[in-house]
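Accompanying notes for the structure given below.
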Amino acid sequence: MKADRLEITPAVRIGGVAAVPGDKAISHRLAMMGAIADGRTVIRNFAESADCASTLECLRRLRVPIDRKGTTVTVEGRGLRGLQKPSSELDAGNSGTTVRFMAGLVSGFPFESTFIGDASLSRRPMKRVIDPLRRFGATIEARDDNYLPMKVSGGGLRPIDFKLPIPSAQLKSCVLLAGLYASGTTRVHEPVPSRNHTEIALAEFGAHIRTGPNTIEIDGGASLHGKEFTVPGDVSSAAFFIVAALAVPGSRLTLTNVGLNPTRSGLINLLEDRQAKIAIAEMSASGGEAVGNVVVESSDIPGLEIGGSWIPNVIDEIPVLAVLGTRTQNGIRIRDASELRVKESDRINAVAVNLRALGAEVEEFPDGLFVPGRQTLHSGVVDSFGDHRIAMAFAVAGLLADGPVTIKNPGCVGISFPSFFDILAEIRQGK
Ligand code: S3P
């Protein structure tokens, strides 16, 4: 998308049947694990996301042969020890998942890898991965010991026992991937559960991994075995359309083939609990992940309080939940979500600034927001802050407003969901 501004007009109704692209989080993981597996891994319905393209490019720099035809990615695995010294810097672009996961991966190798990223990624904290990787025995240098550029070299890792200081699946995954290269069993204690796609994918590839309540153990040195996967649709992408259908009166939307891993589907579960008309049909499983169709009808939602252990489960959906808050009876209150301040943008601030730009009231806390209910959003100009999820959340706000909403810099939707505006155009009915 080239335009630096896009106008979204109010929606009459949301309807029809649509499929969202493959899950970004799962696509990253399968590509990285495929790269260090023995043999070939074929990944169907690979995410369209620019972030996942950054992961593929970094793997290519580590001399992993990767072929991509549309949404099918074929990775010729190099084996556990098979990555080679990168031909240049590893550019993770906008992708925190790429850099944090890959830092764990390349810690297993004696050569030096240098990670760089865009302006947003270069402001995001890396100390969280630097600390445990040093305990494994890796050598790491980073700007101010916390930011990109970051140089990592390793090899000869010793296993660690690690309690996650923050509920972060990126951090957990970094430690588990480094654990593959340690000379024994690495244990991760996870007081608050976060998405478990890494554990599921590692088990699918044949890693020696054991999960118990709040604890994960992984044995170093075991080979992974390449295989074929079909990635479920991304529930975090579906969330924008689910909220649109709930909030625009007279809507009924079916989203097919959506990933419904319970550590990711908090938005659906929380809203169902609050009388939202959401039905799940045709459940199945793919690569160890739950998949199903989601049928949503417009609903009058009383209101919602989200905090504590729910936060990691809905972390990427909070911007669009905040927009939904204006359409509930009593509003949506979000606490314990200070991690949002260090995402692709400061999402607490971005949501507050944009809601105010559309005439809404919102209370901002250090760790969250309160968006009062029964508010009408008005015509106005909002900023994506270069953050894909802010752009999409405020496109949904545009559907709900009483006049057109202009989004500045909407092109960043490509980070997770390049076809977002096309699918949105298809599901708008009675335009
Ligand atoms: C991700 C985990 C989350 C999420 C990010 C992707 C992942 O980050 O916000 O979009 O793929 O593991 P944290 O685990 O750092 O909260």
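Residues in the structure tokens are named by chain (A, B, ... in the order shown) and by number from 1 within that chain; ligands are numbered from 1 in the order shown.
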Neighbour list for A:Ala279 as a PyMOL selection string, cut-off 9 Å, only C-alpha atoms, skip fewer than 6 positions in-chain: chain A and resi 272+293-297
Could you list, as a ChimeraX atom specification, all residues that come within 9 Å of ligand 1? Count only C-alpha atoms and all ligand atoms. /A:24-29,95-98,100-101,166-173,194-198,236,312-316,339-340,342-344
For A:Val382, find every residue with an atom within 10 Å (counting only C-alpha atoms), except residues of its own chain fewer than 5 positions away, and show them as a list in words.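 My reading of the contact set: Arg5, Ala350, Val351, Val353, Asn354, Leu355, Arg356, Ala357, Leu358, Ile390, Ala391, Phe394, Ala395, Ala397, Gly398, Val405, Thr406, Ile407, Lys408, Asn409 and Pro410 of chain A.
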To test your reading of the structure, identify every residue in stretch 248-428 of chain A that backbone DSSP assigns to helix (DSSP H, G or I), and report it as a PyMOL selection string. chain A and resi 266-273+308-325+338-342+347-357+388-400+410-415+420-427
Kindly indicate which residue among A:Asp38, A:Asp23, A:Asp91, A:Asp422 lies nearest to A:Ser223, using only C-alpha atoms for the distances.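 Closest candidate: A:Asp38.
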Within 7 Å of stretch 301-303 of chain A, counting only C-alpha atoms, which residues qualify if same-chain residues fewer than 4 places away don't, as a list in words? Arg274, Gln275, Ala276, Thr328, Gln329, Asn330, Gly331 and Ile332 of chain A
Selection file, N, CA and C atoms, as a compact mmCIF listing (two decimals), in the first residue's frame:
# COMPACT_ATOMS: atom_id res chain seq x y z
N ARG A 274 -19.21 -12.80 28.23
CA ARG A 274 -19.96 -11.56 28.44
C ARG A 274 -21.09 -11.45 27.41
N GLN A 275 -21.69 -12.56 27.12
CA GLN A 275 -22.90 -12.61 26.27
C GLN A 275 -22.69 -12.24 24.82
N ALA A 276 -21.45 -12.24 24.34
CA ALA A 276 -21.22 -11.99 22.91
C ALA A 276 -21.71 -13.21 22.14
N THR A 328 -19.55 -0.92 24.37
CA THR A 328 -20.12 -1.76 25.42
C THR A 328 -21.02 -0.92 26.32
N GLN A 329 -21.74 -1.60 27.23
CA GLN A 329 -22.60 -0.84 28.16
C GLN A 329 -21.76 -0.12 29.21
N ASN A 330 -20.80 -0.82 29.78
CA ASN A 330 -20.07 -0.25 30.93
C ASN A 330 -18.59 -0.02 30.69
N GLY A 331 -18.14 -0.25 29.49
CA GLY A 331 -16.74 0.04 29.17
C GLY A 331 -15.82 -1.16 29.36
N ILE A 332 -14.59 -0.98 28.93
CA ILE A 332 -13.57 -2.03 29.10
C ILE A 332 -12.40 -1.44 29.89
Nearby residues (only C-alpha atoms) at most 12 Å from stretch 307-311 of chain A, same-chain spacing under 5 positions excluded, as a ChimeraX atom specification: /A:166-169,190-195,262-270,316-318,321,332-340,367-370
Keeping only C-alpha atoms, take the residues you just selected and write them out as a short mmCIF file (atom, residue, chain, number, x, y, z; two decimals), in the first residue's frame.
data_model
loop_
_atom_site.label_atom_id
_atom_site.label_comp_id
_atom_site.auth_asym_id
_atom_site.auth_seq_id
_atom_site.Cartn_x
_atom_site.Cartn_y
_atom_site.Cartn_z
CA ILE A 166 7.83 -11.25 32.73
CA PRO A 167 5.11 -13.30 31.06
CA SER A 168 6.59 -13.26 27.55
CA ALA A 169 6.33 -16.04 25.00
CA GLU A 190 6.41 -19.79 33.82
CA PRO A 191 4.34 -18.29 36.67
CA VAL A 192 1.80 -16.83 34.21
CA PRO A 193 1.08 -18.90 31.09
CA SER A 194 1.85 -17.36 27.70
CA ARG A 195 1.20 -18.72 24.21
CA PRO A 262 -6.51 -21.73 24.19
CA THR A 263 -3.41 -19.65 25.00
CA ARG A 264 -4.36 -17.29 22.15
CA SER A 265 -8.16 -17.28 22.03
CA GLY A 266 -8.76 -15.19 25.15
CA LEU A 267 -10.58 -12.49 23.19
CA ILE A 268 -13.19 -15.04 22.07
CA ASN A 269 -13.49 -16.70 25.48
CA LEU A 270 -13.74 -13.45 27.42
CA ASP A 316 -2.03 -8.32 20.77
CA GLU A 317 -5.81 -7.83 20.85
CA ILE A 318 -5.91 -5.06 23.46
CA LEU A 321 -10.65 -4.42 22.56
CA ILE A 332 -13.57 -2.03 29.10
CA ARG A 333 -10.93 -1.77 31.81
CA ILE A 334 -7.45 -3.17 31.14
CA ARG A 335 -4.78 -3.46 33.86
CA ASP A 336 -1.44 -5.33 34.32
CA ALA A 337 -0.56 -4.66 30.69
CA SER A 338 2.53 -2.44 30.98
CA GLU A 339 4.20 -4.67 28.34
CA LEU A 340 2.04 -2.79 25.83
CA ASP A 367 -0.33 -0.44 32.95
CA GLY A 368 -3.58 -0.06 31.06
CA LEU A 369 -6.66 1.89 30.09
CA PHE A 370 -10.28 2.44 30.95
#
Show which residues sit within 8 Å of stretch 136-151 of chain A, as a compact mmCIF listing (two decimals) with N, CA and C atoms, in the first residue's frame. Count only C-alpha atoms, and ignore same-chain residues fewer than 2 positions away.
# COMPACT_ATOMS: atom_id res chain seq x y z
N SER A 107 22.75 -18.49 19.56
CA SER A 107 23.58 -18.69 20.75
C SER A 107 24.21 -20.07 20.77
N GLY A 108 23.61 -20.98 20.02
CA GLY A 108 24.15 -22.33 19.97
C GLY A 108 25.36 -22.46 19.07
N GLU A 112 29.87 -15.25 15.09
CA GLU A 112 29.17 -14.04 15.57
C GLU A 112 28.04 -13.67 14.62
N SER A 113 26.87 -13.35 15.19
CA SER A 113 25.72 -12.86 14.41
C SER A 113 25.38 -11.47 14.94
N THR A 114 25.16 -10.54 14.02
CA THR A 114 24.78 -9.18 14.45
C THR A 114 23.35 -8.89 14.01
N PHE A 115 22.50 -8.58 14.98
CA PHE A 115 21.10 -8.27 14.67
C PHE A 115 20.91 -6.76 14.57
N ILE A 116 20.19 -6.37 13.52
CA ILE A 116 19.77 -4.98 13.39
C ILE A 116 18.25 -4.98 13.15
N GLY A 117 17.65 -3.78 13.21
CA GLY A 117 16.21 -3.70 12.95
C GLY A 117 15.82 -2.27 12.62
N LEU A 121 11.98 -1.29 16.27
CA LEU A 121 12.61 -2.45 16.92
C LEU A 121 13.87 -2.03 17.68
N SER A 122 14.55 -0.99 17.16
CA SER A 122 15.78 -0.53 17.81
C SER A 122 15.50 0.19 19.13
N ARG A 123 14.23 0.50 19.40
CA ARG A 123 13.86 1.11 20.69
C ARG A 123 13.34 0.07 21.67
N ARG A 124 13.20 -1.19 21.24
CA ARG A 124 12.56 -2.18 22.13
C ARG A 124 13.62 -2.95 22.95
N PRO A 125 13.27 -3.29 24.19
CA PRO A 125 14.27 -3.86 25.10
C PRO A 125 14.70 -5.29 24.74
N MET A 126 16.00 -5.52 24.79
CA MET A 126 16.56 -6.85 24.52
C MET A 126 17.22 -7.45 25.77
N LYS A 127 17.32 -6.64 26.84
CA LYS A 127 17.98 -7.11 28.07
C LYS A 127 17.32 -8.40 28.57
N ILE A 130 19.06 -11.00 26.74
CA ILE A 130 20.51 -10.97 26.97
C ILE A 130 20.86 -11.69 28.28
N PRO A 132 19.35 -14.16 30.23
CA PRO A 132 19.42 -15.64 30.26
C PRO A 132 20.44 -16.20 29.28
N LEU A 133 20.61 -15.55 28.11
CA LEU A 133 21.58 -16.12 27.15
C LEU A 133 23.00 -16.04 27.70
N ARG A 134 23.29 -15.00 28.46
CA ARG A 134 24.62 -14.94 29.12
C ARG A 134 24.76 -16.06 30.13
N SER A 153 27.39 -14.34 20.06
CA SER A 153 28.15 -15.54 19.67
C SER A 153 28.09 -16.52 20.83
N GLY A 154 28.15 -17.79 20.49
CA GLY A 154 27.92 -18.77 21.56
C GLY A 154 28.63 -20.08 21.31
N GLY A 155 27.86 -21.15 21.45
CA GLY A 155 28.44 -22.50 21.38
C GLY A 155 28.81 -22.95 22.78
N GLY A 156 28.89 -24.25 22.99
CA GLY A 156 29.28 -24.81 24.29
C GLY A 156 28.38 -24.35 25.43
N LEU A 157 27.08 -24.26 25.18
CA LEU A 157 26.16 -23.73 26.21
C LEU A 157 25.96 -24.73 27.35
N ARG A 158 25.77 -24.18 28.56
CA ARG A 158 25.40 -25.05 29.70
C ARG A 158 23.91 -24.80 30.00
N PRO A 159 23.20 -25.83 30.44
CA PRO A 159 21.76 -25.67 30.67
C PRO A 159 21.48 -24.70 31.82
N ILE A 160 20.32 -24.08 31.80
CA ILE A 160 19.96 -23.18 32.90
C ILE A 160 18.57 -23.53 33.45
N ALA A 178 17.59 -21.86 22.80
CA ALA A 178 18.98 -21.98 23.26
C ALA A 178 19.15 -23.32 23.99
N ALA A 182 22.15 -26.75 24.69
CA ALA A 182 22.87 -26.86 25.98
C ALA A 182 23.20 -28.32 26.27
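All residues in stretch 180-244 of chain A with a DSSP state of strand (DSSP E), computed from the backbone, read Thr185, Thr186, Arg187, Val188, His189, Ile209, Arg210, Thr211, Gly212, Thr215, Ile216, Glu217, Ile218, Asp219, Leu224, His225, Glu228, Phe229 and Thr230 of chain A.
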So that I can see what lies close to A:Gly288, please list as an MDAnalysis selection string the residues with an atom at most 10 Å from it, counting only C-alpha atoms and leaving out residues fewer than 2 positions away in the same chain. chainID A and resid 197 199:201 203:204 229 261 284:286 290:291
Selection file, N, CA, C and O atoms, as a compact mmCIF listing (two decimals), in the first residue's frame:
# COMPACT_ATOMS: atom_id res chain seq x y z
N HIS A 197 2.87 -22.00 21.46
CA HIS A 197 3.15 -22.54 20.11
C HIS A 197 4.56 -23.12 20.02
O HIS A 197 4.79 -24.05 19.25
N GLU A 199 6.32 -24.70 22.36
CA GLU A 199 6.33 -26.02 22.97
C GLU A 199 5.65 -27.03 22.03
O GLU A 199 6.13 -28.15 21.83
N ILE A 200 4.51 -26.62 21.44
CA ILE A 200 3.77 -27.52 20.55
C ILE A 200 4.63 -27.85 19.32
O ILE A 200 4.77 -29.01 18.94
N ALA A 201 5.22 -26.83 18.72
CA ALA A 201 5.99 -27.06 17.48
C ALA A 201 7.24 -27.89 17.79
O ALA A 201 7.58 -28.80 17.02
N ALA A 203 7.61 -30.13 20.04
CA ALA A 203 7.18 -31.53 20.21
C ALA A 203 6.88 -32.15 18.84
O ALA A 203 7.24 -33.30 18.57
N GLU A 204 6.23 -31.38 17.96
CA GLU A 204 5.91 -31.90 16.61
C GLU A 204 7.17 -32.26 15.84
O GLU A 204 7.20 -33.19 15.04
N PHE A 229 3.48 -29.10 7.50
CA PHE A 229 2.53 -28.41 8.38
C PHE A 229 1.57 -27.58 7.54
O PHE A 229 1.94 -27.09 6.47
N ASN A 261 -5.97 -22.07 19.53
CA ASN A 261 -5.16 -22.48 20.67
C ASN A 261 -5.64 -21.70 21.90
O ASN A 261 -5.74 -20.47 21.86
N SER A 284 -11.05 -28.76 14.48
CA SER A 284 -10.14 -29.84 14.10
C SER A 284 -8.77 -29.50 14.67
O SER A 284 -8.64 -28.55 15.45
N ALA A 285 -7.74 -30.25 14.25
CA ALA A 285 -6.39 -29.94 14.74
C ALA A 285 -5.42 -29.98 13.57
O ALA A 285 -5.61 -30.73 12.61
N SER A 286 -4.40 -29.13 13.65
CA SER A 286 -3.40 -29.11 12.59
C SER A 286 -2.04 -28.81 13.21
O SER A 286 -1.87 -27.79 13.88
N ALA A 290 -5.22 -26.27 17.66
CA ALA A 290 -6.67 -26.33 17.44
C ALA A 290 -7.08 -25.31 16.36
O ALA A 290 -6.53 -24.21 16.30
N VAL A 291 -8.03 -25.72 15.52
CA VAL A 291 -8.51 -24.87 14.43
C VAL A 291 -10.03 -24.97 14.38
O VAL A 291 -10.57 -26.04 14.68
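When only C-alpha atoms are used to measure the gap to A:Val17, the shortest distance among A:Arg347, A:His378, A:Lys69, A:Arg252 belongs to A:Arg252.
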Here atom CA of A:Arg135 and atom CA of A:Pro86 stand apart by 23.7 Å
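In terms of minimum interatomic distance to A:Ala47, A:Val231 ranks closest within A:Val231, A:Val371, A:Ala3, A:Val258, counting only C-alpha atoms.
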